[in-house]
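A.B. asks: Sharing coords26.cif below, mmCIF, C-alpha atoms:
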data_upload
loop_
_atom_site.label_atom_id
_atom_site.label_comp_id
_atom_site.auth_asym_id
_atom_site.auth_seq_id
_atom_site.Cartn_x
_atom_site.Cartn_y
_atom_site.Cartn_z
CA MET A 1 177.87 96.57 100.54
CA LYS A 2 175.00 98.89 101.36
CA SER A 3 174.44 101.70 98.90
CA TRP A 4 175.42 105.25 99.84
CA LYS A 5 171.80 106.32 99.35
CA LYS A 6 170.70 104.08 102.23
CA LEU A 7 173.63 105.28 104.34
CA THR A 8 172.56 108.84 103.62
CA ALA A 9 168.94 108.18 104.61
CA LEU A 10 169.86 106.68 107.97
CA LEU A 11 172.35 109.36 108.86
CA LEU A 12 169.85 112.05 107.94
CA ALA A 13 167.59 110.56 110.58
CA LEU A 14 170.31 110.14 113.18
CA CYS A 15 171.63 113.65 112.73
CA MET A 16 168.11 115.17 112.86
CA ALA A 17 167.80 118.53 111.13
CA PHE A 18 171.00 118.40 109.06
CA SER A 19 170.96 117.57 105.34
CA LEU A 20 173.99 115.36 104.75
CA CYS A 21 175.10 113.57 101.63
CA CYS A 22 176.97 110.99 103.71
CA VAL A 23 178.99 110.72 106.87
CA ASN A 24 181.88 108.37 107.51
CA VAL A 25 183.09 109.82 110.78
CA SER A 26 181.89 110.57 114.29
CA ALA A 27 178.46 112.21 114.29
CA THR A 28 179.79 114.43 117.08
CA ASP A 29 182.22 115.94 114.60
CA VAL A 30 179.67 116.12 111.82
CA LEU A 31 177.13 118.08 113.82
CA ALA A 32 179.54 120.76 114.97
CA ALA A 33 178.88 124.00 113.10
CA PRO A 34 181.68 126.06 111.56
CA GLY A 35 183.08 128.87 113.65
CA ALA A 36 182.12 132.48 113.15
CA THR A 37 183.82 134.21 110.27
CA SER A 38 183.99 137.76 109.03
CA MET A 39 183.90 136.78 105.35
CA GLU A 40 180.51 137.63 103.89
CA GLU A 41 180.73 134.96 101.22
CA GLU A 42 181.25 132.28 103.89
CA GLU A 43 178.24 133.48 105.86
CA GLU A 44 176.10 133.14 102.75
CA CYS A 45 177.35 129.65 101.84
CA ASN A 46 176.20 126.68 103.93
CA GLN A 47 177.82 123.93 101.83
CA PHE A 48 181.10 122.38 102.92
CA TYR A 49 183.68 119.79 101.96
CA CYS A 50 185.10 118.68 105.34
CA PHE A 51 188.30 116.87 106.31
CA ILE A 52 188.31 115.56 109.89
CA LEU A 53 191.89 114.93 110.93
CA ASP A 54 193.92 113.57 113.84
CA GLU A 55 195.98 115.79 116.11
CA GLU A 56 199.18 114.50 114.49
CA ASP A 57 198.08 115.63 111.01
CA SER A 58 198.87 119.13 109.75
CA VAL A 59 197.58 121.56 107.12
CA SER A 60 199.36 124.17 105.07
CA GLY A 61 197.44 126.08 102.41
CA SER A 62 195.61 123.48 100.35
CA THR A 63 197.80 120.56 101.48
CA ILE A 64 197.18 118.06 104.28
CA THR A 65 200.18 116.14 105.63
CA PHE A 66 199.15 112.99 107.48
CA ALA A 67 201.09 111.46 110.34
CA SER A 68 202.00 108.56 108.05
CA GLY A 69 203.88 110.98 105.76
CA LEU A 70 201.20 110.93 103.07
CA LYS A 71 200.38 114.34 101.54
CA LEU A 72 197.07 115.30 99.91
CA THR A 73 196.72 118.50 97.90
CA VAL A 74 193.30 119.78 96.83
CA THR A 75 193.25 122.65 94.33
CA GLY A 76 190.41 124.63 92.81
CA ALA A 77 188.75 126.15 95.89
CA GLY A 78 191.47 128.04 97.72
CA ASP A 79 193.12 127.17 101.01
CA LEU A 80 191.67 124.83 103.60
CA LYS A 81 190.12 126.68 106.56
CA LEU A 82 189.89 125.51 110.15
CA MET A 83 186.39 124.81 111.47
CA GLU A 84 186.40 126.12 115.02
CA ASP A 85 185.07 124.47 118.19
CA ASN A 86 185.26 120.90 116.88
CA GLU A 87 186.56 118.09 119.08
CA SER A 88 188.81 116.88 116.26
CA PRO A 89 190.77 119.18 113.92
CA THR A 90 188.41 119.80 111.02
CA TYR A 91 189.24 121.74 107.87
CA TYR A 92 186.85 122.70 105.11
CA LEU A 93 186.43 124.11 101.61
CA GLN A 94 183.36 125.92 100.25
CA PRO A 95 183.42 125.34 96.48
CA LYS A 96 180.53 126.57 94.34
CA GLU A 97 178.34 124.38 92.16
CA GLY A 98 180.27 123.16 89.10
CA THR A 99 183.73 123.88 90.56
CA GLU A 100 186.38 121.38 89.51
CA LEU A 101 188.53 120.14 92.39
CA THR A 102 191.82 118.42 91.64
CA PHE A 103 193.12 115.82 94.12
CA LYS A 104 196.78 114.77 94.14
CA MET A 105 198.48 112.38 96.56
CA GLU A 106 202.21 112.27 97.41
CA PHE A 107 203.51 109.11 99.06
CA PRO A 108 206.41 108.94 101.53
CA GLU A 109 209.51 107.11 100.40
CA GLY A 110 209.15 103.34 100.58
CA ALA A 111 205.32 103.35 100.66
CA THR A 112 203.69 100.24 99.25
CA ARG A 113 200.04 100.46 100.31
CA LYS A 114 197.43 102.27 98.27
CA ALA A 115 195.53 105.26 99.62
CA THR A 116 191.88 106.08 98.93
CA ILE A 117 189.57 109.06 99.27
CA ASN A 118 185.83 108.75 99.50
CA CYS A 119 184.38 112.00 98.21
CA GLY A 120 181.24 112.61 100.22
CA GLY A 121 179.89 109.21 99.26
CA GLU A 122 179.76 110.12 95.57
CA GLU A 123 182.89 108.42 94.34
CA SER A 124 186.04 106.72 95.54
CA MET A 125 189.51 107.77 94.39
CA GLU A 126 192.37 105.30 94.58
CA PHE A 127 196.02 106.34 94.59
CA ASP A 128 198.83 103.81 94.04
CA PRO A 129 202.43 104.56 95.09
CA ALA A 130 203.45 102.65 91.93
CA ALA A 131 201.76 105.41 89.87
CA PRO A 132 202.62 108.57 91.83
CA GLU A 133 201.53 110.98 89.11
CA THR A 134 197.86 109.98 89.34
CA THR A 135 195.41 112.86 89.90
CA TYR A 136 191.61 113.02 90.08
CA VAL A 137 189.33 115.83 88.95
CA HIS A 138 186.03 116.01 90.84
CA THR A 139 183.13 118.26 89.78
CA VAL A 140 181.17 119.77 92.67
CA HIS A 141 177.42 119.12 92.78
CA TRP A 142 175.17 120.21 95.67
CA GLU A 143 171.78 118.66 96.37
CA TYR A 144 170.77 120.74 99.42
CA ASP A 145 171.07 124.35 100.57
CA PHE A 146 172.74 123.13 103.75
CA GLU A 147 175.13 120.26 103.13
CA TYR A 148 178.31 118.64 104.42
CA LYS A 149 180.41 116.32 102.28
CA ASN A 150 182.95 114.56 104.46
CA MET A 151 186.12 113.50 102.71
CA VAL A 152 187.26 110.17 104.19
CA VAL A 153 190.95 109.65 103.51
CA ASP A 154 192.42 106.19 104.03
CA ASP A 155 196.17 106.64 104.09
CA GLY A 156 196.76 102.89 104.31
CA SER A 157 198.09 103.01 107.87
CA GLY A 158 196.79 101.42 111.06
CA ILE A 159 196.24 97.90 112.41
CA GLU A 160 193.61 96.06 110.38
CA VAL A 161 190.45 94.83 112.05
CA SER A 162 188.94 91.97 110.07
CA ASN A 163 186.30 90.73 112.53
CA VAL A 164 183.75 92.83 114.37
CA GLU A 165 181.50 91.55 117.15
CA ILE A 166 178.48 93.30 118.67
CA SER A 167 176.76 91.51 121.54
CA ASP A 168 173.93 91.97 124.07
CA VAL A 169 171.84 94.01 121.61
CA THR A 170 168.20 94.15 122.73
CA VAL A 171 166.24 93.19 119.62
CA THR A 172 162.84 92.59 121.22
CA LEU A 173 160.49 95.56 121.39
CA LYS A 174 157.22 95.97 123.26
CA GLN A 175 154.27 97.98 122.05
CA GLY A 176 153.69 101.02 124.24
CA GLU A 177 157.34 101.18 125.29
CA ALA A 178 160.47 102.75 123.82
CA PRO A 179 163.50 100.61 122.86
CA VAL A 180 166.43 100.19 125.23
CA PHE A 181 170.06 100.20 124.09
CA THR A 182 172.34 97.56 125.58
CA GLY A 183 174.80 96.70 122.78
CA LYS A 184 178.45 96.04 123.61
CA VAL A 185 181.73 95.44 121.78
CA PRO A 186 184.84 93.69 123.17
CA ALA A 187 187.29 95.86 125.10
CA ASN A 188 190.49 96.94 123.29
CA SER A 189 189.11 95.60 120.04
CA GLY A 190 190.20 98.51 117.86
CA TYR A 191 186.67 99.81 117.38
CA GLU A 192 183.84 101.38 119.38
CA LEU A 193 180.05 101.19 119.23
CA TYR A 194 179.23 104.84 118.53
CA SER A 195 175.43 104.61 118.39
CA GLU A 196 172.44 102.28 118.27
CA SER A 197 169.08 103.21 116.79
CA TRP A 198 165.59 101.92 116.08
CA GLY A 199 163.40 103.53 113.46
CA ASP A 200 160.42 102.91 111.24
CA GLU A 201 160.64 102.32 107.50
CA ASN A 202 161.10 105.99 106.56
CA TYR A 203 162.86 107.11 109.75
CA ASP A 204 159.92 109.34 110.64
CA GLN A 205 160.12 107.89 114.14
CA VAL A 206 163.64 107.31 115.45
CA TRP A 207 165.21 106.43 118.78
CA ASN A 208 168.99 106.86 119.06
CA SER A 209 171.35 106.11 121.93
CA VAL A 210 173.32 109.31 121.26
CA TYR A 211 170.18 111.47 121.29
CA PRO A 212 167.97 109.85 123.98
CA ASP A 213 165.57 112.80 124.04
CA TYR A 214 165.11 112.92 120.27
CA SER A 215 162.02 110.71 120.38
CA SER A 216 159.75 110.55 123.42
CA ASP A 217 157.24 108.36 121.62
CA VAL A 218 156.65 104.64 122.07
CA CYS A 219 156.34 101.66 119.72
CA LYS A 220 153.00 101.75 117.94
CA MET A 221 150.55 99.14 116.72
CA GLY A 222 150.78 98.32 113.02
CA VAL A 223 154.34 99.63 112.56
CA THR A 224 157.54 97.74 111.73
CA TYR A 225 160.75 99.03 113.34
CA TYR A 226 164.34 98.34 112.29
CA TYR A 227 167.61 98.20 114.24
CA SER A 228 170.76 99.90 112.98
CA CYS A 229 174.06 100.95 114.55
CA ILE A 230 177.33 102.73 113.80
CA LEU A 231 180.82 101.56 114.80
CA GLU A 232 183.96 103.68 114.58
CA ARG A 233 187.57 102.61 114.42
CA ALA A 234 189.80 103.44 117.37
CA LYS A 235 192.90 105.51 116.82
CA GLY A 236 195.66 103.49 115.17
CA TYR A 237 193.25 100.95 113.66
CA ARG A 238 191.51 100.51 110.35
CA PHE A 239 188.68 98.29 109.17
CA ALA A 240 189.81 95.74 106.59
CA ASP A 241 188.32 95.73 103.11
CA ASP A 242 187.12 92.17 103.68
CA ILE A 243 185.46 92.30 107.08
CA THR A 244 183.12 89.96 108.96
CA VAL A 245 180.43 91.43 111.22
CA THR A 246 178.72 89.36 113.91
CA LEU A 247 175.60 90.58 115.74
CA ASN A 248 174.46 88.68 118.85
CA GLY A 249 176.45 85.66 117.67
CA GLU A 250 175.09 85.65 114.11
CA VAL A 251 177.31 86.47 111.13
CA LEU A 252 175.62 89.14 109.03
CA PRO A 253 175.46 89.02 105.21
CA GLU A 254 177.55 91.63 103.44
CA ASP A 255 174.53 93.45 102.05
CA SER A 256 173.31 94.30 105.56
CA TYR A 257 176.13 96.73 106.37
CA PHE A 258 178.40 99.32 104.85
CA SER A 259 182.05 99.65 105.82
CA ASP A 260 185.13 101.67 105.02
CA TYR A 261 188.41 101.95 106.88
CA SER A 262 186.97 104.27 109.56
CA LEU A 263 183.31 103.31 109.97
CA ILE A 264 180.87 100.42 109.85
CA LEU A 265 177.16 101.07 109.45
CA LEU A 266 174.69 98.27 110.12
CA ASP A 267 171.47 99.23 108.37
CA LYS A 268 168.19 97.49 109.31
CA VAL A 269 169.81 94.27 110.50
CA ALA A 270 166.90 93.38 112.83
CA SER A 271 163.21 94.18 112.76
CA GLN A 272 160.18 94.07 115.02
CA SER A 273 156.58 94.33 113.77
CA PHE A 274 153.34 95.06 115.58
CA ASN A 275 150.06 93.63 114.30
CA PRO A 276 147.69 96.19 112.72
CA ILE A 277 144.54 95.32 114.71
CA SER A 278 141.32 96.55 113.11
CA VAL A 279 138.53 97.41 115.59
CA SER A 280 136.35 100.45 116.31
CA GLY A 281 134.70 101.81 119.42
CA LYS A 282 130.97 101.92 120.09
CA THR A 283 128.54 104.65 121.18
CA LEU A 284 125.21 103.73 122.81
CA THR A 285 122.29 105.47 124.50
CA VAL A 286 121.44 104.45 128.04
CA LYS A 287 118.52 102.09 128.49
CA LYS A 288 116.52 100.68 131.39
CA THR A 289 117.51 97.18 130.29
CA ALA A 290 120.95 95.67 129.70
CA GLN A 291 122.44 96.08 126.22
CA THR A 292 124.68 93.69 124.30
CA PHE A 293 126.73 93.91 121.11
CA GLN A 294 129.64 92.10 119.49
CA PHE A 295 133.15 93.37 118.74
CA ASN A 296 134.44 91.99 115.44
CA ALA A 297 138.12 92.85 115.74
CA LYS A 298 140.54 91.56 113.12
CA ALA A 299 144.30 90.97 113.14
CA GLU A 300 146.75 89.60 110.61
CA ASP A 301 148.69 86.33 110.52
CA GLY A 302 145.92 84.46 112.35
CA ALA A 303 146.73 86.08 115.69
CA LYS A 304 144.47 85.05 118.58
CA LEU A 305 142.50 87.99 119.97
CA THR A 306 141.48 88.51 123.58
CA TYR A 307 139.42 91.29 125.16
CA SER A 308 139.29 93.03 128.54
CA SER A 309 137.38 95.97 130.06
CA ASP A 310 138.46 98.53 132.63
CA ASN A 311 134.88 99.06 133.90
CA LYS A 312 132.63 96.58 135.73
CA ASN A 313 129.57 98.18 134.15
CA VAL A 314 130.75 97.13 130.68
CA MET A 315 131.64 93.44 130.69
CA VAL A 316 133.33 91.78 127.74
CA ASP A 317 133.86 88.10 127.06
CA ALA A 318 137.62 87.60 126.88
CA ASP A 319 137.49 85.23 123.92
CA SER A 320 134.43 86.17 121.87
CA GLY A 321 134.41 89.94 122.30
CA LYS A 322 130.71 89.99 123.25
CA VAL A 323 129.94 93.09 125.35
CA THR A 324 127.20 93.51 127.97
CA VAL A 325 126.39 97.01 129.24
CA LYS A 326 124.47 97.22 132.52
CA LYS A 327 121.06 98.88 132.59
CA ASN A 328 120.68 102.54 133.60
CA TRP A 329 124.44 103.09 133.34
CA VAL A 330 126.01 106.14 131.69
CA GLY A 331 129.75 106.63 131.18
CA THR A 332 132.82 105.49 129.25
CA ALA A 333 134.72 102.21 129.40
CA LYS A 334 137.97 101.23 127.70
CA ILE A 335 138.16 97.88 125.94
CA LYS A 336 141.64 96.49 125.29
CA VAL A 337 142.00 94.13 122.34
CA VAL A 338 145.21 92.08 122.42
CA ALA A 339 146.63 90.16 119.45
CA ALA A 340 148.92 87.35 120.59
CA ALA A 341 152.44 87.10 119.15
CA THR A 342 152.79 85.19 115.89
CA GLU A 343 155.71 84.18 113.73
CA LYS A 344 155.40 87.50 111.88
CA TYR A 345 154.26 89.90 114.62
CA ASN A 346 155.00 90.77 118.24
CA LYS A 347 152.23 90.82 120.82
CA SER A 348 150.13 93.88 119.94
CA TRP A 349 147.15 95.70 121.37
CA LYS A 350 144.63 98.41 120.64
CA THR A 351 142.31 100.25 123.04
CA VAL A 352 138.85 101.47 122.00
CA LYS A 353 136.05 103.17 123.91
CA VAL A 354 132.51 102.13 124.68
CA GLU A 355 130.56 105.30 125.43
CA VAL A 356 127.03 105.21 126.83
CA LYS A 357 125.33 108.59 126.60
CA LYS A 358 122.28 109.95 128.34
CA ALA A 359 119.00 109.83 126.46
CA VAL A 360 117.68 112.97 124.80
CA GLN A 361 115.48 115.08 127.06
CA PRO A 362 111.84 114.16 126.21
CA MET A 363 110.26 117.37 127.56
CA THR A 364 107.50 118.95 125.51
CA VAL A 365 105.53 122.19 125.85
CA LYS A 366 101.85 122.17 124.94
CA LYS A 367 101.92 125.58 123.33
CA SER A 368 105.15 127.17 122.12
CA THR A 369 103.72 130.38 120.65
CA PHE A 370 101.30 132.85 122.24
CA VAL A 371 99.78 135.74 120.27
CA VAL A 372 98.52 138.79 122.20
CA LYS A 373 96.80 141.77 120.65
CA LYS A 374 98.28 145.11 121.62
CA SER A 375 94.78 146.35 122.40
CA ASP A 376 94.38 143.56 124.98
CA VAL A 377 97.21 145.00 127.09
CA LYS A 378 96.46 148.65 126.50
CA LYS A 379 94.68 149.07 129.87
CA LYS A 380 95.56 145.90 131.79
CA ALA A 381 98.08 143.05 131.94
CA LYS A 382 97.57 139.69 130.25
CA LYS A 383 98.18 136.34 132.02
CA LEU A 384 99.42 133.24 130.14
CA LYS A 385 100.48 129.73 131.30
CA ILE A 386 103.27 127.47 129.95
CA SER A 387 102.21 123.84 130.10
CA VAL A 388 105.12 121.32 130.31
CA SER A 389 104.96 117.52 130.14
CA LYS A 390 107.37 114.53 130.14
CA ALA A 391 110.19 116.65 131.57
CA GLN A 392 113.05 114.75 133.22
CA GLY A 393 114.67 116.76 135.98
CA LYS A 394 113.83 120.11 137.50
CA VAL A 395 112.12 122.60 135.18
CA THR A 396 113.13 126.26 135.24
CA TYR A 397 112.00 129.28 133.25
CA SER A 398 113.92 132.34 132.17
CA GLY A 399 112.60 135.27 130.21
CA SER A 400 114.10 137.92 127.98
CA LYS A 401 115.51 141.04 129.51
CA SER A 402 112.38 142.91 128.53
CA LYS A 403 110.64 144.77 131.35
CA TYR A 404 107.28 144.07 129.71
CA VAL A 405 107.09 140.25 129.63
CA LYS A 406 107.93 138.29 132.78
CA VAL A 407 107.74 134.60 133.71
CA SER A 408 107.47 133.07 137.18
CA SER A 409 109.21 129.96 138.52
CA LYS A 410 105.99 128.03 137.86
CA GLY A 411 105.71 129.02 134.18
CA ASP A 412 103.16 131.81 134.60
CA ILE A 413 103.70 134.56 132.01
CA THR A 414 102.70 138.17 132.62
CA VAL A 415 102.44 140.51 129.66
CA LYS A 416 102.35 143.91 131.32
CA LYS A 417 99.99 146.76 130.55
CA GLY A 418 101.32 148.94 127.78
CA THR A 419 103.59 146.28 126.29
CA PRO A 420 104.61 147.44 122.80
CA LYS A 421 104.39 145.30 119.67
CA GLY A 422 107.17 142.81 119.33
CA THR A 423 108.36 139.25 119.88
CA TYR A 424 109.38 138.10 123.37
CA ARG A 425 111.06 134.76 124.06
CA ILE A 426 111.09 132.60 127.17
CA THR A 427 113.41 129.62 127.71
CA VAL A 428 112.13 126.50 129.42
CA LYS A 429 114.89 124.20 130.70
CA ALA A 430 114.69 120.65 132.09
CA ALA A 431 117.83 119.85 134.10
CA GLY A 432 117.87 116.15 133.25
CA ASN A 433 118.91 113.31 135.55
CA SER A 434 121.08 110.20 135.63
CA MET A 435 119.51 108.84 132.44
CA TYR A 436 118.39 111.91 130.54
CA ALA A 437 120.38 114.87 129.33
CA ALA A 438 119.32 118.43 130.01
CA GLY A 439 117.20 120.09 127.34
CA THR A 440 115.51 123.36 126.50
CA LYS A 441 112.46 124.59 124.68
CA THR A 442 111.64 128.14 123.57
CA VAL A 443 108.24 129.73 124.11
CA THR A 444 107.46 132.83 122.03
CA VAL A 445 105.08 135.65 122.96
CA LYS A 446 104.09 137.86 120.04
CA VAL A 447 102.36 141.17 120.68
CA LYS A 448 100.63 142.49 117.56
#
Rewrite the coordinates I just gave you, this time as C-alpha cells.
C.D. replies:
Amino acid sequence: MKSWKKLTALLLALCMAFSLCCVNVSATDVLAAPGATSMEEEEECNQFYCFILDEEDSVSGSTITFASGLKLTVTGAGDLKLMEDNESPTYYLQPKEGTELTFKMEFPEGATRKATINCGGEESMEFDPAAPETTYVHTVHWEYDFEYKNMVVDDGSGIEVSNVEISDVTVTLKQGEAPVFTGKVPANSGYELYSESWGDENYDQVWNSVYPDYSSDVCKMGVTYYYSCILERAKGYRFADDITVTLNGEVLPEDSYFSDYSLILLDKVASQSFNPISVSGKTLTVKKTAQTFQFNAKAEDGAKLTYSSDNKNVMVDADSGKVTVKKNWVGTAKIKVVAAATEKYNKSWKTVKVEVKKAVQPMTVKKSTFVVKKSDVKKKAKKLKISVSKAQGKVTYSGSKSKYVKVSSKGDITVKKGTPKGTYRITVKAAGNSMYAAGTKTVTVKVK
C-alpha cells in the first residue's frame, strides 16, 4: 500500500493551507475549524487529535460508544470535547508534546471481529475480542504548529466492499487548458468519489474538483502532471482489507493506492507530460532590405516541430523554422513552435517573439559646445547657429529656462547682452519616423 508520507503530501495539497499529518475521512470534516472556546489554553494550542463519528455514536467523558456496541476509552488528556459547526459529530483532544495516551477497547458480548485504530497515520492499533485486556500506549509527537491527527476507528461493522470501480475519468490533458473532472462510480455501490485532482510532482500546482477555484492556471510546457482521487465509504459499508481497484477498466497495482476501512486514496495513478521545448525569441533592427534568420528549436523524444507566425510581415517556414522579415517593417510578431505528440509527451507548444526595432537616430550636430567671452556680450548680444545633419524626422530646439540664452525654431541662438558667466544648455531633438527612433543631442553655451 502507499506510504502514509505520500498520503500526507497529497492531502496537504488538497487541503491547501492546513498542515495535516494524515486524513482518512471527508476533507469537508477535516477543514472545519474548532468552535470558539473560552479556555485560554485551547486558544493557544492549535494541535488536535480528532474523532469524527456518526450520529448514532455517543461520547461520555473520555469514552466513545459506537453504534455497534464497541467502546473506546482514551486516557491521558482529559475528556473529549465537541468541535462545533462540523457536519459530522467531531470530538477532539489537545495533548501536549510527549503526553502518553492510553487506548482501551471494550467489545460487546458475542463480538468476533477485530477492531483497529489508525493513530493519525503514525501507527495502527489492533484489538481482538479474544484478548479483551489489550491496551495501547501512544506517545504524542507534533511536527507542525497547526496540526490535526484524525483517529480512524474501524469497529469491524458494515458491509464489506471488495471491488471498487471508477470510470469515465478524463486522463488526457491539453497544454494551455485546465483539467476537467468527469469521474464516476456505480450507483449504490457502498462508496462515493469524494474528489479528483491533478497536480505536478511537488503539488505546487494543483487542480481539485472540490476546490475548483483553487488553481486558475493552465497546463504548462515542460511539466508532468499526475492524477489522484479520494473515495469514501458510504454509511453502513466498509472497505475490505483485500480490495481491488479498477480505473477506466484497468485493474490498478496495490502500490498505486492506499486504503483503510473508510477511505481509498489513489495517488498518481495516471500522468500527462508536456515536452520542454527549447527556443528563444529574436530582436532585430529594421532595414531597407528583407532580413532572414533561422530558429533552431529543440524538443525531446524526437518530436517533430512545426512553426507558425501571427503576422504577415514576419513569415516562417512551417517545417524548417526559417524566418523572413519584410523590409522597412517595425513591430512585434509571435512565433508558435509546436512539438507533435510522442510516446512520452503530449502535443506541446511554446510561443516566442520576433521584435523589429527602429534604427538609432543618426542625427549629428556640427558643433556641440560654444564658448562666449563675457566681454563680448557686455554691450551687445551674441548670435550663434546650431548646424544639424542626417536628422530623421522633424527637428526641434528647446533651451534652458534662462532669460539670457534663447534658441529659435531654426536653431539660431541668442546670447543676450549682459549674460553672466555660466553654462547654458540647449536640447536638439529629432522626432524620428517609421524607421528611425527619436533622438536628442545637447548643445552647450559657456560664457566665461
A.B. asks: Could you make a table, as JSON lines, of the residues of segment 233-338 of chain A that have an atom within 10 Å of an atom of segment 148-159 of chain A, each with its nearest atom pair and distance in Å to one decimal, counting only C-alpha atoms, in chain and number order?
C.D. replies:
{"residue": "A:Arg233", "atom": "CA", "partner": "A:Gly158", "partner_atom": "CA", "distance": 9.9}
{"residue": "A:Ala234", "atom": "CA", "partner": "A:Gly158", "partner_atom": "CA", "distance": 9.6}
{"residue": "A:Lys235", "atom": "CA", "partner": "A:Gly158", "partner_atom": "CA", "distance": 8.1}
{"residue": "A:Gly236", "atom": "CA", "partner": "A:Gly158", "partner_atom": "CA", "distance": 4.7}
{"residue": "A:Tyr237", "atom": "CA", "partner": "A:Gly158", "partner_atom": "CA", "distance": 4.4}
{"residue": "A:Arg238", "atom": "CA", "partner": "A:Gly158", "partner_atom": "CA", "distance": 5.4}
{"residue": "A:Phe239", "atom": "CA", "partner": "A:Ile159", "partner_atom": "CA", "distance": 8.2}
{"residue": "A:Ala240", "atom": "CA", "partner": "A:Ile159", "partner_atom": "CA", "distance": 8.9}
{"residue": "A:Asp260", "atom": "CA", "partner": "A:Asp154", "partner_atom": "CA", "distance": 8.6}
{"residue": "A:Tyr261", "atom": "CA", "partner": "A:Asp154", "partner_atom": "CA", "distance": 6.5}
{"residue": "A:Ser262", "atom": "CA", "partner": "A:Val152", "partner_atom": "CA", "distance": 8.0}
{"residue": "A:Leu263", "atom": "CA", "partner": "A:Val152", "partner_atom": "CA", "distance": 9.8}
A.B. asks: Just give me the gap between atom CA of Thr306 of chain A and atom CA of Lys174 of chain A in Å, one decimal is fine.
C.D. replies: 17.4 Å
A.B. asks: Could you spell out the hits of the PyMOL selection byres ((chain A and resi 367-373) around 9) on the shown file, as a PyMOL selection string?
C.D. replies: chain A and resi 364-366+374-377+382+384+386-388+415+421+441-448
A.B. asks: Considering all atoms listed in the file, can you say which of A:Tyr91, A:Tyr225, A:Tyr144, A:Tyr424 comes closest to Lys406 of chain A?
C.D. replies: A:Tyr424
A.B. asks: Please list as a list of chain:residue names every residue within 10 Å of Val223 of chain A, counting all atoms listed in the file and excluding residues in the same chain fewer than 5 positions away.
C.D. replies: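 Final neighbour list, sorted by chain and number: A:Gln175, A:Gly199, A:Asp200, A:Glu201, A:Gln272, A:Ser273, A:Phe274, A:Asn275, A:Pro276, A:Tyr345.
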A.B. asks: Which residue gives the smallest distance to Thr332 of chain A among A:Ala359, A:Val210, A:Ala299, A:Val286, with all atoms listed in the file counted?
C.D. replies: A:Val286
A.B. asks: What does the structure give for the distance between atom CA of Gln392 of chain A and atom CA of Phe293 of chain A, in Å to one decimal?
C.D. replies: 27.7 Å
A.B. asks: Please report, as AutoDock Vina command-line options, the centre and edge lengths in Å to one decimal of an axis-aligned box covering all listed atoms of segment 431-444 of chain A with 4 Å per side.
C.D. replies:
--center_x 114.3 --center_y 120.8 --center_z 128.8 --size_x 21.6 --size_y 32.0 --size_z 21.6
A.B. asks: Tell me which protein, DNA and RNA residues are within 10 Å of Val164 of chain A, counting only C-alpha atoms, leaving out same-chain ones fewer than 4 positions away, and put them as a PyMOL selection string.
C.D. replies: chain A and resi 185-186+189-192+231+239+243-247+251+264
A.B. asks: For Glu300 of chain A, which residue among A:Asn346, A:Lys379, A:Ala111, A:Val360 is the nearest when counting only C-alpha atoms?
C.D. replies: A:Asn346
A.B. asks: Choose the residue, out of A:His141, A:Lys288, A:Lys385, A:Lys312, that has the smallest atom-to-atom separation from Lys358 of chain A; count all atoms listed in the file.
C.D. replies: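 For Lys358 of chain A, the nearest of the given residues is A:Lys288.
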A.B. asks: Between atom CA of His138 of chain A and atom CA of Thr65 of chain A, what is the distance, to one decimal in Å?
C.D. replies: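 It comes out at 20.5 Å.
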A.B. asks: Please identify all polymer residues within 9 Å of Ala381 of chain A, counting all atoms listed in the file, omitting same-chain residues fewer than 5 positions from it, and present them as a PDB file with C-alpha atoms, keeping the file's coordinate frame.
C.D. replies:
ATOM      1  CA  ASP A 376      94.380 143.560 124.980  1.00  0.00           C
ATOM      2  CA  THR A 414     102.700 138.170 132.620  1.00  0.00           C
ATOM      3  CA  VAL A 415     102.440 140.510 129.660  1.00  0.00           C
ATOM      4  CA  LYS A 416     102.350 143.910 131.320  1.00  0.00           C
ATOM      5  CA  LYS A 417      99.990 146.760 130.550  1.00  0.00           C
ATOM      6  CA  GLY A 418     101.320 148.940 127.780  1.00  0.00           C
ATOM      7  CA  THR A 419     103.590 146.280 126.290  1.00  0.00           C
TER       8      THR A 419
END
A.B. asks: Show me the residues close to (131.7, 105.3, 125.8) - anything with an atom within 10 Å, counting all atoms listed in the file - and format the list as a PyMOL selection string.
C.D. replies: chain A and resi 281-285+314+330-335+352-357
A.B. asks: Applied to the shown file, which residues does the PyMOL selection byres ((chain A and resi 124-129) around 10) return, written as a ChimeraX atom specification?
C.D. replies: /A:103-123,130-138,151-155
A.B. asks: Extract segment 224-248 of chain A from the preceding block and save C-alpha atoms as a PDB file, in the first residue's frame.
C.D. replies:
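The resulting decode_27.pdb:
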ATOM      1  CA  THR A 224       4.434  16.375 -15.878  1.00  0.00           C
ATOM      2  CA  TYR A 225       1.057  16.207 -14.119  1.00  0.00           C
ATOM      3  CA  TYR A 226      -0.401  13.325 -12.113  1.00  0.00           C
ATOM      4  CA  TYR A 227      -3.976  12.190 -11.455  1.00  0.00           C
ATOM      5  CA  SER A 228      -5.164  11.237  -7.978  1.00  0.00           C
ATOM      6  CA  CYS A 229      -8.546  10.826  -6.310  1.00  0.00           C
ATOM      7  CA  ILE A 230     -10.203  10.062  -2.978  1.00  0.00           C
ATOM      8  CA  LEU A 231     -13.129   7.674  -2.400  1.00  0.00           C
ATOM      9  CA  GLU A 232     -15.124   7.442   0.815  1.00  0.00           C
ATOM     10  CA  ARG A 233     -17.253   4.612   2.116  1.00  0.00           C
ATOM     11  CA  ALA A 234     -20.991   5.168   2.359  1.00  0.00           C
ATOM     12  CA  LYS A 235     -22.715   4.787   5.691  1.00  0.00           C
ATOM     13  CA  GLY A 236     -23.081   1.137   6.666  1.00  0.00           C
ATOM     14  CA  TYR A 237     -20.208  -0.019   4.449  1.00  0.00           C
ATOM     15  CA  ARG A 238     -16.530  -0.694   4.924  1.00  0.00           C
ATOM     16  CA  PHE A 239     -13.653  -1.255   2.520  1.00  0.00           C
ATOM     17  CA  ALA A 240     -12.236  -4.763   2.746  1.00  0.00           C
ATOM     18  CA  ASP A 241      -8.615  -5.324   3.728  1.00  0.00           C
ATOM     19  CA  ASP A 242      -8.029  -7.080   0.404  1.00  0.00           C
ATOM     20  CA  ILE A 243      -9.569  -4.736  -2.150  1.00  0.00           C
ATOM     21  CA  THR A 244      -9.342  -4.454  -5.935  1.00  0.00           C
ATOM     22  CA  VAL A 245      -9.433  -1.004  -7.549  1.00  0.00           C
ATOM     23  CA  THR A 246     -10.244  -0.545 -11.242  1.00  0.00           C
ATOM     24  CA  LEU A 247      -9.724   2.783 -13.040  1.00  0.00           C
ATOM     25  CA  ASN A 248     -11.227   3.222 -16.518  1.00  0.00           C
TER      26      ASN A 248
END
